[in-house]
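All remarks here apply to the structure that follows.
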Amino acid sequence: MESSWCPELKSLPIDEVQKLLDDETALIKFFAELPQVKEIQTRRETLAKEVEAQARKNMDRRPEYDQKRQELTATYEQLQAMRQTFDQLMQRQADLSEKYSPQMILTQLQFAARDVDEEAEQVAETFLAGSVPVEDFVTQFMEKKKLSHTRHAKEEKLKAMVEGHW
């Protein structure tokens, strides 16, 4: 298997090859004049020019790049702020949903009904102790009982709705 890489070297007589081996400058000059080496050198110079031209284009676009980077940074910061607001609103919604859930409203209504029943009992005890005139007792007691019955009715209705799952 014969190589066709450097036919110029193969065509030289042995004494010429020996002179090249003995003289490094002549050897370098010989190889520098080879068409393959010249082609490689030309291609290397062409690529270097292309790389330099591309680098100049990139440097010319640097202000545009910097502006886009600033815009992206600002947009990202806006996104972060919006995300934080969204998270806060979602937490608030969850809190309100829990606070105003039918079960929570029912529990609060039960407490309120119990409180007004206790207030009615206190009005009755105050009357029995003789601290309140009859007219005031009747007015206060009727208001408390009316409110108590209203709350108990609402409690029962809401309880039926909650247990029936709407």
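We name chains A, B, ... following the order of the structure tokens; residues begin at 1 in each chain, and ligands are numbered from 1 as shown.
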Can you list, as a PDB file with C-alpha atoms, in the first residue's frame, every protein, DNA or RNA residue that comes within 10 Å of region 106-123 of chain A when you count only C-alpha atoms, leaving out same-chain residues fewer than 2 positions away?
```pdb
ATOM      1  CA  LYS A  99     -62.948  30.909  56.770  1.00  0.00           C
ATOM      2  CA  TYR A 100     -66.138  31.017  54.708  1.00  0.00           C
ATOM      3  CA  SER A 101     -66.538  27.318  54.061  1.00  0.00           C
ATOM      4  CA  PRO A 102     -70.010  25.986  54.839  1.00  0.00           C
ATOM      5  CA  GLN A 103     -68.603  23.897  57.688  1.00  0.00           C
ATOM      6  CA  MET A 104     -66.818  26.907  59.225  1.00  0.00           C
ATOM      7  CA  GLU A 125     -81.218  35.509  85.979  1.00  0.00           C
ATOM      8  CA  THR A 126     -80.945  39.285  86.263  1.00  0.00           C
ATOM      9  CA  PHE A 127     -84.749  39.538  86.236  1.00  0.00           C
ATOM     10  CA  LEU A 128     -85.151  36.781  88.831  1.00  0.00           C
ATOM     11  CA  ALA A 129     -82.638  38.595  91.027  1.00  0.00           C
ATOM     12  CA  SER A 131     -82.395  43.860  89.103  1.00  0.00           C
ATOM     13  CA  VAL A 132     -84.468  44.554  85.983  1.00  0.00           C
ATOM     14  CA  ASP A 136     -87.124  45.790  80.258  1.00  0.00           C
ATOM     15  CA  PHE A 137     -86.896  42.050  80.945  1.00  0.00           C
ATOM     16  CA  VAL A 138     -89.624  41.221  78.425  1.00  0.00           C
ATOM     17  CA  GLN A 140     -84.503  42.127  76.260  1.00  0.00           C
ATOM     18  CA  PHE A 141     -85.538  38.495  76.722  1.00  0.00           C
ATOM     19  CA  MET A 142     -87.760  38.519  73.618  1.00  0.00           C
ATOM     20  CA  GLU A 143     -84.969  40.048  71.509  1.00  0.00           C
ATOM     21  CA  LYS A 144     -82.496  37.406  72.702  1.00  0.00           C
ATOM     22  CA  LYS A 145     -84.940  34.517  72.203  1.00  0.00           C
ATOM     23  CA  LYS A 146     -86.006  35.775  68.785  1.00  0.00           C
ATOM     24  CA  LEU A 147     -82.322  36.002  67.750  1.00  0.00           C
ATOM     25  CA  SER A 148     -81.677  32.561  69.273  1.00  0.00           C
ATOM     26  CA  HIS A 149     -84.531  30.947  67.332  1.00  0.00           C
ATOM     27  CA  THR A 150     -83.446  32.638  64.105  1.00  0.00           C
ATOM     28  CA  ARG A 151     -79.868  31.399  64.525  1.00  0.00           C
ATOM     29  CA  HIS A 152     -80.982  27.870  65.417  1.00  0.00           C
ATOM     30  CA  ALA A 153     -83.239  27.781  62.347  1.00  0.00           C
ATOM     31  CA  LYS A 154     -80.404  28.931  60.116  1.00  0.00           C
ATOM     32  CA  GLU A 155     -78.109  26.419  61.803  1.00  0.00           C
ATOM     33  CA  GLU A 156     -80.487  23.547  61.073  1.00  0.00           C
ATOM     34  CA  LYS A 157     -80.966  24.630  57.468  1.00  0.00           C
ATOM     35  CA  LEU A 158     -77.216  25.023  56.882  1.00  0.00           C
ATOM     36  CA  LYS A 159     -76.509  21.723  58.643  1.00  0.00           C
ATOM     37  CA  VAL A 162     -73.728  20.681  54.509  1.00  0.00           C
TER      38      VAL A 162
END
```
Quick one: everything within 12 Å of region 29-39 of chain A, counting only C-alpha atoms, minus sequence neighbours fewer than 3 positions away in the same chain. Send it as number ranges by chain.
A: 4-9, 12, 16-17, 19-21, 23-26, 42-46
